[in-house]
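Notes follow the structure.
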Amino acid sequence: MPLPKPPTKLGATVDPSATVSALAATPPGNTEVSDTTPDTPRKPRNKPAVAAILTKSTRSPSTATTEPATTPKTASGSTKSNTAAPAVSAIASRQAAKPGNPPALASNTQPAPSAKSSKGPAKRLPASQRKLFVLDTNVLLHDPSSLFRFAEHDVFLPMIVLEELDHQKKGMSEVARNARQVSRSLDELIGNTEDLNKGVLLDGSGNKEARGALYFQTRPTDARLPIELPMGKADNVILSIVHGLREASPKREIVLVSKDINMRLKARALGLPAEDYLNDHVLDDSDLLYDGILPLPENFWNKHGKDIESWQQNGLTWYRVRGPLCSQFSVNEFVYYEGDMPLSAQVREVTGKSAVLATLRDFSHGKNSVWGITARNREQNFALNLLMNPDIDFVSLLGQAGTGKTLLTLASALSQAFETKRYTEIIITRATVPVGDDIGFLPGTEEEKMLPWMGALEDNLEVLHQGAGNAITSTPSSGNPDWSKTPAMDLIRSRIKVKSLNFMRGRTFLNKFLIIDEAQNLTPKQMKTLITRAGPGTKIVCLGNIAQIDTPYLTEGSSGLTYVVDRFKGWPHAGHVTLQRGERSRLADYASDAL
């Protein structure tokens, strides 16, 4: 709905030893940048020049680069200053002297460009300043594009990681798909490269942000850990590889990256640097997540009360206010002021230091009830204003158990499907992640398989039936013991479809009201797959509680629900509200706080 034009007149003013295989890299002191380096920048990753470990060389003044050192990124994506690694020629000599070790590589070895690399110089961080990130298998299975997320640094893949990827590639699960995607990416990067000892440039497949090299373990390692650990386990093999890399290049910063907490704990106990993979995190602290509501300060009217424009349209009062706080507003954010001049409004437009606010429809009043449901608190009123607004295509509601997320959403869906006939069907789906042990396969059709996961739907339909479920048919006898068999419920069920996430790809929903429940258990990729199913006239509502994530490796910062809240912030056709107050029962409210 376009913004109404303000009146012409102003309104009233309101006041990982040998395993290092020959990692191609510039020798310790040699920081020259190869002229044949592709110009396509690479993704950020830890890039160790391990070839240097096996090579003894001296630095030639003529090869010194004048390229300024850039600020590298850690595995978590945060930036921090790097200290240049000193020459490792002495270390390389000792390693080469050991029996069984391969001969040292040429000191000017550079990573081999991949098949798709274009010719031309590219600015890359000197080898002495690049980190080497050793990736655990779970990082690749969690994010198939993680190979390209280490900026100017190098990435090392132990052979055991490739073996585990091969074991995980079969099946139709998300993990299997990710394993296959990683394998395809590796195949594309390697191309026709003959000598993997030299490494492969990560930007060869078009990932311009990755300016490091990818190295594979091409030789066995005889490094022994300080503590005896069973070597038949993949985690311990990776730890021994990291230990061997650090022994071969003690001056080089080599970091293990893993999503496995116990793996990182063991690494730390062995004195090996280890980090979590945080590149996919939207926020480091869930407390910083946008909640869609902004309380106005006490002096708001004093600073923003001058030259206010006000007008009436569609039964709402619109204000154009000017002041320093307006630049902090987000479109469709709710603001409220409690004081002598109370105000509850929604930000409709932000332009510099001016903003257009519109008052809200009061859904706490019985005359504005939605399918017999009224708002019990301020946040619920804000949520209903989003749910009932036809101009809002995407709504996300966060809140702890009992705040009314599902009830409000289902009530607004029924109202707009039966009363205003804005939507032809209500589709409900959710991630089928069990809280306890899996009960096994379920019989029946797709909808019958999903019904055990939809207990919340049944519970809320019962509440709504007791409210205004009679709005579409005559009132059944009050003595009817089975509410689910009334004519009203039969009609309601005919418009509600329960669908599985497994069959969503490729579909297009037209004029549908799509409810994604327990969205906190979805990955950002799954969330994108669902939201992009929306066709004309479709509204999507995501519900969830980021404090109750059951999916392995997903955290509050990497959940798909957190992802969409952050990415849709400020879009004129999307809104978000975090519900704070529980309204289920006094027992549920006390349990939420006390347990």
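In the structure tokens, chains take the letters A, B, ... in the order shown, each chain's residues start at 1, and ligands count up from 1 in the order shown.
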Contact residues around A:Arg430 with only C-alpha atoms at 8 Å, ignoring same-chain residues under 5 positions, as a PyMOL selection string:
chain A and resi 453+500-501+516-519
With all heavy atoms retained, could you export that selection as a PDB file, in the first residue's frame?
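Dumped to out31.pdb:
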```
ATOM      1  N   TRP A 453       3.781 -34.754  14.262  1.00  0.00           N
ATOM      2  CA  TRP A 453       4.605 -33.580  14.492  1.00  0.00           C
ATOM      3  C   TRP A 453       3.753 -32.327  14.637  1.00  0.00           C
ATOM      4  O   TRP A 453       4.270 -31.254  14.948  1.00  0.00           O
ATOM      5  CB  TRP A 453       5.590 -33.384  13.331  1.00  0.00           C
ATOM      6  CG  TRP A 453       6.521 -34.527  13.130  1.00  0.00           C
ATOM      7  CD1 TRP A 453       6.391 -35.566  12.260  1.00  0.00           C
ATOM      8  CD2 TRP A 453       7.735 -34.766  13.841  1.00  0.00           C
ATOM      9  NE1 TRP A 453       7.440 -36.430  12.367  1.00  0.00           N
ATOM     10  CE2 TRP A 453       8.292 -35.967  13.321  1.00  0.00           C
ATOM     11  CE3 TRP A 453       8.417 -34.084  14.849  1.00  0.00           C
ATOM     12  CZ2 TRP A 453       9.487 -36.488  13.786  1.00  0.00           C
ATOM     13  CZ3 TRP A 453       9.618 -34.612  15.297  1.00  0.00           C
ATOM     14  CH2 TRP A 453      10.135 -35.794  14.787  1.00  0.00           C
ATOM     15  N   SER A 500       5.328 -31.837   4.146  1.00  0.00           N
ATOM     16  CA  SER A 500       6.680 -32.144   4.601  1.00  0.00           C
ATOM     17  C   SER A 500       7.686 -31.271   3.866  1.00  0.00           C
ATOM     18  O   SER A 500       7.506 -30.956   2.685  1.00  0.00           O
ATOM     19  CB  SER A 500       6.999 -33.625   4.353  1.00  0.00           C
ATOM     20  OG  SER A 500       8.381 -33.875   4.565  1.00  0.00           O
ATOM     21  N   LEU A 501       8.742 -30.880   4.569  1.00  0.00           N
ATOM     22  CA  LEU A 501       9.793 -30.075   3.945  1.00  0.00           C
ATOM     23  C   LEU A 501      10.477 -30.823   2.804  1.00  0.00           C
ATOM     24  O   LEU A 501      10.997 -30.203   1.871  1.00  0.00           O
ATOM     25  CB  LEU A 501      10.860 -29.706   4.995  1.00  0.00           C
ATOM     26  CG  LEU A 501      10.459 -28.734   6.108  1.00  0.00           C
ATOM     27  CD1 LEU A 501      11.593 -28.639   7.114  1.00  0.00           C
ATOM     28  CD2 LEU A 501      10.152 -27.377   5.531  1.00  0.00           C
ATOM     29  N   ILE A 516       5.605 -21.766   8.742  1.00  0.00           N
ATOM     30  CA  ILE A 516       6.781 -22.610   8.994  1.00  0.00           C
ATOM     31  C   ILE A 516       7.011 -22.639  10.502  1.00  0.00           C
ATOM     32  O   ILE A 516       7.495 -21.672  11.091  1.00  0.00           O
ATOM     33  CB  ILE A 516       8.031 -22.057   8.282  1.00  0.00           C
ATOM     34  CG1 ILE A 516       7.752 -21.876   6.783  1.00  0.00           C
ATOM     35  CG2 ILE A 516       9.224 -22.977   8.505  1.00  0.00           C
ATOM     36  CD1 ILE A 516       8.889 -21.215   6.036  1.00  0.00           C
ATOM     37  N   ASP A 517       6.617 -23.730  11.130  1.00  0.00           N
ATOM     38  CA  ASP A 517       6.729 -23.842  12.585  1.00  0.00           C
ATOM     39  C   ASP A 517       8.077 -24.448  12.961  1.00  0.00           C
ATOM     40  O   ASP A 517       8.702 -25.164  12.179  1.00  0.00           O
ATOM     41  CB  ASP A 517       5.593 -24.718  13.115  1.00  0.00           C
ATOM     42  CG  ASP A 517       5.329 -24.483  14.593  1.00  0.00           C
ATOM     43  OD1 ASP A 517       5.954 -23.560  15.173  1.00  0.00           O
ATOM     44  OD2 ASP A 517       4.492 -25.203  15.182  1.00  0.00           O
ATOM     45  N   GLU A 518       8.541 -24.162  14.173  1.00  0.00           N
ATOM     46  CA  GLU A 518       9.839 -24.630  14.674  1.00  0.00           C
ATOM     47  C   GLU A 518      10.956 -24.296  13.687  1.00  0.00           C
ATOM     48  O   GLU A 518      11.834 -25.116  13.388  1.00  0.00           O
ATOM     49  CB  GLU A 518       9.801 -26.149  14.943  1.00  0.00           C
ATOM     50  CG  GLU A 518       8.736 -26.586  15.932  1.00  0.00           C
ATOM     51  CD  GLU A 518       8.973 -26.055  17.337  1.00  0.00           C
ATOM     52  OE1 GLU A 518      10.135 -25.714  17.643  1.00  0.00           O
ATOM     53  OE2 GLU A 518       8.004 -25.976  18.120  1.00  0.00           O
ATOM     54  N   ALA A 519      10.926 -23.085  13.173  1.00  0.00           N
ATOM     55  CA  ALA A 519      11.878 -22.662  12.144  1.00  0.00           C
ATOM     56  C   ALA A 519      13.303 -22.559  12.667  1.00  0.00           C
ATOM     57  O   ALA A 519      14.247 -22.481  11.870  1.00  0.00           O
ATOM     58  CB  ALA A 519      11.443 -21.329  11.557  1.00  0.00           C
TER      59      ALA A 519
END
```
Mind checking which residues fall within 12 Å of A:Arg376, counting only C-alpha atoms, ignoring those fewer than 6 positions away in the same chain, and posting them as JSON, numbers by chain?
{"A": [362, 363, 364, 365, 366, 369, 382, 383, 384, 403, 404, 408, 579, 580, 581, 582, 583, 584]}
Give me a file of those residues, with all heavy atoms, as a CSV table (one decimal), in the first residue's frame.
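Saved result, out-v4.csv, follows:
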```csv
chain,number,residue,atom,x,y,z
A,362,ASP,N,-6.1,-1.6,17.1
A,362,ASP,CA,-6.1,-2.2,18.5
A,362,ASP,C,-6.8,-3.5,18.5
A,362,ASP,O,-8.0,-3.6,18.6
A,362,ASP,CB,-6.8,-1.2,19.5
A,362,ASP,CG,-6.7,-1.7,20.9
A,362,ASP,OD1,-5.9,-2.7,21.2
A,362,ASP,OD2,-7.4,-1.1,21.8
A,363,PHE,N,-5.9,-4.6,18.4
A,363,PHE,CA,-6.5,-5.9,18.4
A,363,PHE,C,-6.7,-6.5,19.8
A,363,PHE,O,-7.1,-7.6,20.0
A,363,PHE,CB,-5.6,-6.9,17.7
A,363,PHE,CG,-5.6,-6.7,16.2
A,363,PHE,CD1,-4.6,-6.0,15.5
A,363,PHE,CD2,-6.7,-7.2,15.4
A,363,PHE,CE1,-4.6,-5.8,14.2
A,363,PHE,CE2,-6.7,-7.0,14.0
A,363,PHE,CZ,-5.7,-6.3,13.4
A,364,SER,N,-6.5,-5.6,20.8
A,364,SER,CA,-6.8,-6.1,22.2
A,364,SER,C,-8.3,-5.8,22.5
A,364,SER,O,-8.8,-6.3,23.5
A,364,SER,CB,-5.9,-5.3,23.2
A,364,SER,OG,-6.2,-3.9,23.1
A,365,HIS,N,-8.9,-5.1,21.7
A,365,HIS,CA,-10.4,-4.8,21.9
A,365,HIS,C,-11.2,-5.9,21.2
A,365,HIS,O,-10.9,-6.4,20.2
A,365,HIS,CB,-10.7,-3.4,21.3
A,365,HIS,CG,-12.0,-2.9,21.8
A,365,HIS,ND1,-13.2,-3.4,21.3
A,365,HIS,CD2,-12.3,-1.9,22.7
A,365,HIS,CE1,-14.2,-2.7,21.9
A,365,HIS,NE2,-13.7,-1.8,22.7
A,366,GLY,N,-12.3,-6.2,21.9
A,366,GLY,CA,-13.1,-7.3,21.4
A,366,GLY,C,-13.7,-7.1,20.0
A,366,GLY,O,-13.9,-8.1,19.3
A,369,SER,N,-11.4,-8.5,17.3
A,369,SER,CA,-10.9,-9.8,17.6
A,369,SER,C,-10.7,-10.5,16.3
A,369,SER,O,-11.4,-10.3,15.3
A,369,SER,CB,-11.8,-10.6,18.5
A,369,SER,OG,-13.1,-10.8,17.8
A,382,PHE,N,1.2,-6.0,18.3
A,382,PHE,CA,2.2,-5.7,17.2
A,382,PHE,C,2.2,-6.9,16.2
A,382,PHE,O,2.1,-6.6,15.0
A,382,PHE,CB,3.6,-5.5,17.7
A,382,PHE,CG,3.8,-4.3,18.6
A,382,PHE,CD1,4.9,-4.1,19.4
A,382,PHE,CD2,2.8,-3.2,18.5
A,382,PHE,CE1,5.0,-3.0,20.2
A,382,PHE,CE2,3.0,-2.1,19.3
A,382,PHE,CZ,4.1,-2.0,20.1
A,383,ALA,N,2.2,-8.1,16.7
A,383,ALA,CA,2.2,-9.3,15.8
A,383,ALA,C,1.0,-9.4,15.0
A,383,ALA,O,1.1,-9.7,13.8
A,383,ALA,CB,2.4,-10.5,16.7
A,384,LEU,N,-0.2,-9.1,15.6
A,384,LEU,CA,-1.4,-9.2,14.8
A,384,LEU,C,-1.5,-8.1,13.7
A,384,LEU,O,-2.1,-8.3,12.7
A,384,LEU,CB,-2.6,-9.1,15.7
A,384,LEU,CG,-2.9,-10.4,16.5
A,384,LEU,CD1,-4.0,-10.2,17.6
A,384,LEU,CD2,-3.3,-11.5,15.6
A,403,THR,N,4.0,-18.0,24.4
A,403,THR,CA,3.8,-16.5,24.1
A,403,THR,C,2.7,-16.3,23.1
A,403,THR,O,2.4,-15.2,22.8
A,403,THR,CB,5.1,-15.9,23.6
A,403,THR,OG1,5.7,-16.7,22.6
A,403,THR,CG2,6.2,-15.8,24.8
A,404,GLY,N,2.2,-17.4,22.5
A,404,GLY,CA,1.1,-17.2,21.5
A,404,GLY,C,1.5,-17.1,20.1
A,404,GLY,O,0.6,-16.7,19.3
A,408,LEU,N,-1.8,-17.0,17.5
A,408,LEU,CA,-2.1,-15.8,16.8
A,408,LEU,C,-1.9,-16.0,15.2
A,408,LEU,O,-2.8,-15.5,14.5
A,408,LEU,CB,-1.1,-14.7,17.2
A,408,LEU,CG,-1.1,-14.3,18.7
A,408,LEU,CD1,0.0,-13.3,19.0
A,408,LEU,CD2,-2.5,-13.6,19.0
A,579,LEU,N,8.2,-11.9,20.8
A,579,LEU,CA,7.2,-11.9,21.9
A,579,LEU,C,7.9,-12.3,23.2
A,579,LEU,O,8.7,-13.2,23.3
A,579,LEU,CB,6.1,-13.0,21.6
A,579,LEU,CG,5.3,-12.8,20.3
A,579,LEU,CD1,4.4,-14.0,20.0
A,579,LEU,CD2,4.5,-11.5,20.4
A,580,GLN,N,7.6,-11.5,24.2
A,580,GLN,CA,8.3,-11.6,25.5
A,580,GLN,C,7.5,-12.3,26.6
A,580,GLN,O,8.0,-13.0,27.4
A,580,GLN,CB,8.7,-10.2,26.0
A,580,GLN,CG,9.6,-9.4,25.0
A,580,GLN,CD,11.0,-9.9,24.8
A,580,GLN,OE1,11.4,-10.8,25.6
A,580,GLN,NE2,11.7,-9.4,23.9
A,581,ARG,N,6.2,-12.0,26.7
A,581,ARG,CA,5.4,-12.4,27.8
A,581,ARG,C,4.6,-13.7,27.5
A,581,ARG,O,3.9,-13.7,26.5
A,581,ARG,CB,4.5,-11.3,28.2
A,581,ARG,CG,3.6,-11.5,29.4
A,581,ARG,CD,2.7,-10.3,29.7
A,581,ARG,NE,1.7,-10.6,30.6
A,581,ARG,CZ,0.7,-9.8,31.0
A,581,ARG,NH1,0.7,-8.6,30.4
A,581,ARG,NH2,-0.2,-10.1,31.8
A,582,GLY,N,4.8,-14.7,28.4
A,582,GLY,CA,4.0,-15.9,28.2
A,582,GLY,C,2.6,-15.7,28.6
A,582,GLY,O,2.2,-15.0,29.6
A,583,GLU,N,1.7,-16.3,27.9
A,583,GLU,CA,0.2,-16.2,28.1
A,583,GLU,C,-0.5,-17.5,28.2
A,583,GLU,O,-1.7,-17.6,28.2
A,583,GLU,CB,-0.4,-15.3,27.0
A,583,GLU,CG,0.1,-13.9,27.0
A,583,GLU,CD,-0.4,-13.0,28.1
A,583,GLU,OE1,-1.2,-13.5,29.0
A,583,GLU,OE2,0.1,-11.9,28.2
A,584,ARG,N,0.3,-18.6,28.3
A,584,ARG,CA,-0.3,-19.9,28.2
A,584,ARG,C,-1.0,-20.3,29.6
A,584,ARG,O,-2.2,-20.6,29.6
A,584,ARG,CB,0.8,-21.0,27.9
A,584,ARG,CG,0.3,-22.4,27.9
A,584,ARG,CD,1.4,-23.3,27.3
A,584,ARG,NE,1.6,-23.1,25.9
A,584,ARG,CZ,2.6,-23.5,25.2
A,584,ARG,NH1,3.6,-24.2,25.8
A,584,ARG,NH2,2.7,-23.3,23.9
```
Contact residues around A:Pro273 with only C-alpha atoms at 9 Å, ignoring same-chain residues under 5 positions, as a VMD selection string:
chain A and resid 253 to 257 264 267 to 268
Write down as a PyMOL selection string the residues belonging to stretch 159-330 of chain A that are assigned strand (DSSP E or B) by DSSP computed on the backbone.
chain A and resi 200-201+210-211+213-216+254-257+274-275+293-295+309-313+316-322
Have a look at atom CA of A:Val161 and atom CA of A:Lys259 and let me know their distance in Å, one decimal.
13.7 Å
Report as a ChimeraX atom specification all protein, DNA and RNA residues lying within 10 Å of stretch 413-417 of chain A, evaluated on only C-alpha atoms, omitting residues in the same chain fewer than 4 positions from it.
/A:369-372,387-388,390,407-409,421-427,461,464,468-469,471,492,495-496,511-515,539,541
Residue nearest A:Ala375 among A:Met504, A:Ile308, A:Gln400, A:Lys405 (counting only C-alpha atoms)
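Answer, going by the shortest atom-to-atom distance: A:Lys405.
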